[in-house]
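Quick notes on the structure that follows.
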Amino acid sequence: MFRKGPDSVEFGKLRKRLIRQVRQALDDFAMVRPGDRWLVCLSGGKDSYTLLALLLDLKWRGMLPVDLLACNLDQAQPGFPAEILPNYLTDLGVPHRIERQDTYSIVTSKIEPGKTYCALCSRLRRGHLYRIAREEGCQAVVLGHHREDILETFFLNLFHGGKLASMPPKLLNEEGDRLVLRPLAYAAEDDIARFATAMQFPIIPCDLCGSQEGLQRNVVKQMLADWEKQTPGRKEIMLRALGKANPSHLLDRNLFDFESLVGKG
């Protein structure tokens with residue numbers, strides 16, 4: 001998969017940094033159980049291509065003792081180049097499954113014009129991926145969400161959902177039978193974009209969420225980008241903060257027993 005990658009010092013450093021961050025996430029959140037099988041989800045975007053490349057790199061280095069099955073859910077979007085991913089994966093010799101399900105028509109028929117597709121699209125897609133994981137004997141569904149996805153979700157929940165929550169690097173699905181893993185949790189989107197460009201991945205644009213303007217997620221993304229420009233390193237600080245919650249200094253009575261706090265004298 002790295003045969004088209006440049007032979008440069010800069011790219012080598014980028015590759016090592018991303019590998020290091022993925023290994024850190026795998027270790028920090030106990031994602032790896034030797035002998036498991038992972039369903040690695042490919043959308044055709046830069047994030048999922050990078051995810052697959054780094055996981056294959058770790059397997060090649062003998063650092064990831066799991067089996068990988070790449071999977072693309074073809075959502076029957078008009079004009080979707082259905083041949084690109086299977087041809088690419090076959091050429092690389094990567095085990096894969098292509099599943100076609102017309103979720104596009106469902107989403108566009110149920111969501112009013114101007115409304116956000118993301119929630120329904122994600123729910124439908126995730127349901128199919130869990131089913132495929134069960135059919136293929138995969139214990140985990142592996143997604144390409146990165147640092148910015150996690151931060152954006154946190155602020156969307158803060159501003160619009162009235163709660164402190166984000167995308168966890170590891171969670172159990174609602175049925176309780178499959179894990180959802182995000183090994184790119186520590187990786188910066190800018191690094192992923194540079195990596196994908198250098199690797200010449202055949203990027204496929206999204207005609208659902210990616211086609212909509214004015215999404216609140218885009219507003220939050222720009223807000224974070226502005227903060228990072230004003231104070232470089234702020235995103236990394238915020239990501240670390242998500243791993244250092246102090247329940248006694250928040251207002252959630254379910255997380256901390258405020259009633260038991262009494263003064264002496």
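Residue numbering restarts at 1 in every chain; chains get A, B, ... in the order shown in the structure tokens, and ligands count up from 1 in that same order.
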
6 Å contact set for segment 31-46 of chain A, only C-alpha atoms, chain neighbours under 2 positions out, as number ranges by chain:
A: 26, 29, 48-49, 65-72, 138-143, 196, 203-204

Output as a PDB file with C-alpha atoms, in the first residue's frame all residues of segment 27-252 of chain A that backbone DSSP marks as strand (DSSP E).
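Dumped everything to part22.pdb:
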```pdb
ATOM      1  CA  ARG A  37     -11.066  -9.915  13.625  1.00  0.00           C
ATOM      2  CA  TRP A  38     -11.718  -6.268  12.784  1.00  0.00           C
ATOM      3  CA  LEU A  39     -14.105  -4.824  10.219  1.00  0.00           C
ATOM      4  CA  VAL A  40     -12.236  -1.757   8.942  1.00  0.00           C
ATOM      5  CA  CYS A  41     -14.794   0.592   7.419  1.00  0.00           C
ATOM      6  CA  ASP A  67      -7.147 -10.029  11.282  1.00  0.00           C
ATOM      7  CA  LEU A  68      -8.397  -7.139   9.146  1.00  0.00           C
ATOM      8  CA  LEU A  69     -11.351  -7.154   6.760  1.00  0.00           C
ATOM      9  CA  ALA A  70     -11.864  -3.940   4.809  1.00  0.00           C
ATOM     10  CA  CYS A  71     -15.507  -3.083   4.157  1.00  0.00           C
ATOM     11  CA  ASN A  72     -17.216  -0.461   2.045  1.00  0.00           C
ATOM     12  CA  LEU A  73     -20.935   0.206   2.399  1.00  0.00           C
ATOM     13  CA  ASP A  74     -22.044   1.436  -1.024  1.00  0.00           C
ATOM     14  CA  HIS A  96     -12.550  -6.960   1.654  1.00  0.00           C
ATOM     15  CA  ARG A  97     -16.323  -6.978   1.386  1.00  0.00           C
ATOM     16  CA  ILE A  98     -18.398  -4.517  -0.636  1.00  0.00           C
ATOM     17  CA  GLU A  99     -22.011  -4.192   0.537  1.00  0.00           C
ATOM     18  CA  ARG A 100     -24.584  -2.235  -1.478  1.00  0.00           C
ATOM     19  CA  ALA A 140     -15.003  -4.881  16.293  1.00  0.00           C
ATOM     20  CA  VAL A 141     -16.135  -2.235  13.830  1.00  0.00           C
ATOM     21  CA  VAL A 142     -13.198   0.125  13.230  1.00  0.00           C
ATOM     22  CA  LYS A 170     -13.687   2.616  22.288  1.00  0.00           C
ATOM     23  CA  LEU A 171     -17.305   1.747  23.029  1.00  0.00           C
ATOM     24  CA  LEU A 172     -19.740  -1.131  23.057  1.00  0.00           C
ATOM     25  CA  LEU A 179     -16.954  -2.986  19.864  1.00  0.00           C
ATOM     26  CA  VAL A 180     -16.561   0.292  17.993  1.00  0.00           C
ATOM     27  CA  LEU A 181     -12.920   1.406  17.789  1.00  0.00           C
TER      28      LEU A 181
END
```

**Asked** Ala165 of chain A: which residues within 12 Å, counting only C-alpha atoms, same-chain residues fewer than 5 positions away excluded, as a PyMOL selection string?
**Response** chain A and resi 150-160+242-243+245

Could the residues in this selection be saved with N, CA and C atoms as a PDB file, in the first residue's frame?
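Saved result, part-v3.pdb, follows:
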```pdb
ATOM      1  N   ILE A 150     -13.479  14.260  17.133  1.00  0.00           N
ATOM      2  CA  ILE A 150     -13.780  14.128  18.561  1.00  0.00           C
ATOM      3  C   ILE A 150     -14.037  15.493  19.188  1.00  0.00           C
ATOM      4  N   LEU A 151     -13.185  16.478  18.873  1.00  0.00           N
ATOM      5  CA  LEU A 151     -13.364  17.814  19.427  1.00  0.00           C
ATOM      6  C   LEU A 151     -14.636  18.471  18.902  1.00  0.00           C
ATOM      7  N   GLU A 152     -14.897  18.333  17.619  1.00  0.00           N
ATOM      8  CA  GLU A 152     -16.107  18.928  17.048  1.00  0.00           C
ATOM      9  C   GLU A 152     -17.361  18.338  17.673  1.00  0.00           C
ATOM     10  N   THR A 153     -17.364  17.035  17.891  1.00  0.00           N
ATOM     11  CA  THR A 153     -18.529  16.383  18.508  1.00  0.00           C
ATOM     12  C   THR A 153     -18.719  16.874  19.934  1.00  0.00           C
ATOM     13  N   PHE A 154     -17.622  17.074  20.653  1.00  0.00           N
ATOM     14  CA  PHE A 154     -17.721  17.588  22.013  1.00  0.00           C
ATOM     15  C   PHE A 154     -18.407  18.954  22.033  1.00  0.00           C
ATOM     16  N   PHE A 155     -17.975  19.861  21.173  1.00  0.00           N
ATOM     17  CA  PHE A 155     -18.551  21.202  21.177  1.00  0.00           C
ATOM     18  C   PHE A 155     -19.968  21.222  20.614  1.00  0.00           C
ATOM     19  N   LEU A 156     -20.279  20.349  19.676  1.00  0.00           N
ATOM     20  CA  LEU A 156     -21.661  20.240  19.197  1.00  0.00           C
ATOM     21  C   LEU A 156     -22.586  19.806  20.332  1.00  0.00           C
ATOM     22  N   ASN A 157     -22.137  18.816  21.125  1.00  0.00           N
ATOM     23  CA  ASN A 157     -22.936  18.379  22.268  1.00  0.00           C
ATOM     24  C   ASN A 157     -23.037  19.469  23.324  1.00  0.00           C
ATOM     25  N   LEU A 158     -21.948  20.215  23.519  1.00  0.00           N
ATOM     26  CA  LEU A 158     -21.940  21.293  24.508  1.00  0.00           C
ATOM     27  C   LEU A 158     -22.879  22.430  24.097  1.00  0.00           C
ATOM     28  N   PHE A 159     -22.774  22.864  22.845  1.00  0.00           N
ATOM     29  CA  PHE A 159     -23.539  24.021  22.386  1.00  0.00           C
ATOM     30  C   PHE A 159     -24.997  23.694  22.057  1.00  0.00           C
ATOM     31  N   HIS A 160     -25.232  22.502  21.494  1.00  0.00           N
ATOM     32  CA  HIS A 160     -26.567  22.181  20.985  1.00  0.00           C
ATOM     33  C   HIS A 160     -27.264  21.040  21.724  1.00  0.00           C
ATOM     34  N   LEU A 242     -10.070  16.263  27.585  1.00  0.00           N
ATOM     35  CA  LEU A 242     -11.143  15.270  27.538  1.00  0.00           C
ATOM     36  C   LEU A 242     -10.767  13.994  28.282  1.00  0.00           C
ATOM     37  N   GLY A 243      -9.465  13.789  28.486  1.00  0.00           N
ATOM     38  CA  GLY A 243      -9.011  12.617  29.222  1.00  0.00           C
ATOM     39  C   GLY A 243      -8.703  12.907  30.680  1.00  0.00           C
ATOM     40  N   ALA A 245     -11.115  14.452  33.090  1.00  0.00           N
ATOM     41  CA  ALA A 245     -12.346  14.959  33.694  1.00  0.00           C
ATOM     42  C   ALA A 245     -12.249  14.892  35.215  1.00  0.00           C
TER      43      ALA A 245
END
```

Expressed in Å, the length from atom CA of Ala133 of chain A to atom CA of Glu174 of chain A is 14.3 Å

For atom CA of Leu52 of chain A and atom CA of Arg178 of chain A, the interatomic separation in Å (one decimal)
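Separation of atom CA of Leu52 of chain A and atom CA of Arg178 of chain A: 19.2 Å.
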
In terms of only C-alpha atoms, the residue from A:Glu148, A:Arg61, A:Arg131, A:Glu189 at minimal distance from Lys221 of chain A is A:Glu148

Would you give me, as CSV, each residue of segment 159-209 of chain A having an atom within 7 Å of an atom of segment 1-25 of chain A, along with its shortest atom pair and that distance in Å to one decimal, using only C-alpha atoms and sorting by chain and residue number?
```
residue,atom,partner,partner_atom,distance
A:Pro183,CA,A:Val22,CA,5.4
A:Leu184,CA,A:Val22,CA,5.7
A:Ala185,CA,A:Ala25,CA,6.6
A:Tyr186,CA,A:Gln21,CA,5.7
A:Ala187,CA,A:Gln21,CA,6.2
A:Ala198,CA,A:Gly5,CA,5.7
A:Met199,CA,A:Gly5,CA,4.6
A:Gln200,CA,A:Lys4,CA,6.8
```

Every residue of segment 17-64 of chain A that DSSP places in helix (DSSP H, G or I), as a ChimeraX atom specification:
/A:17-28,46-60

May I ask for the distance between atom CA of Pro202 of chain A and atom CA of Gly79 of chain A, given in Å to one decimal place?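 Between atom CA of Pro202 of chain A and atom CA of Gly79 of chain A the gap is 15.4 Å.
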
Nearest to Asp177 of chain A, restricted to only C-alpha atoms and choosing among A:Gly137, A:Leu250, A:Thr50, A:Leu224, comes out as A:Gly137
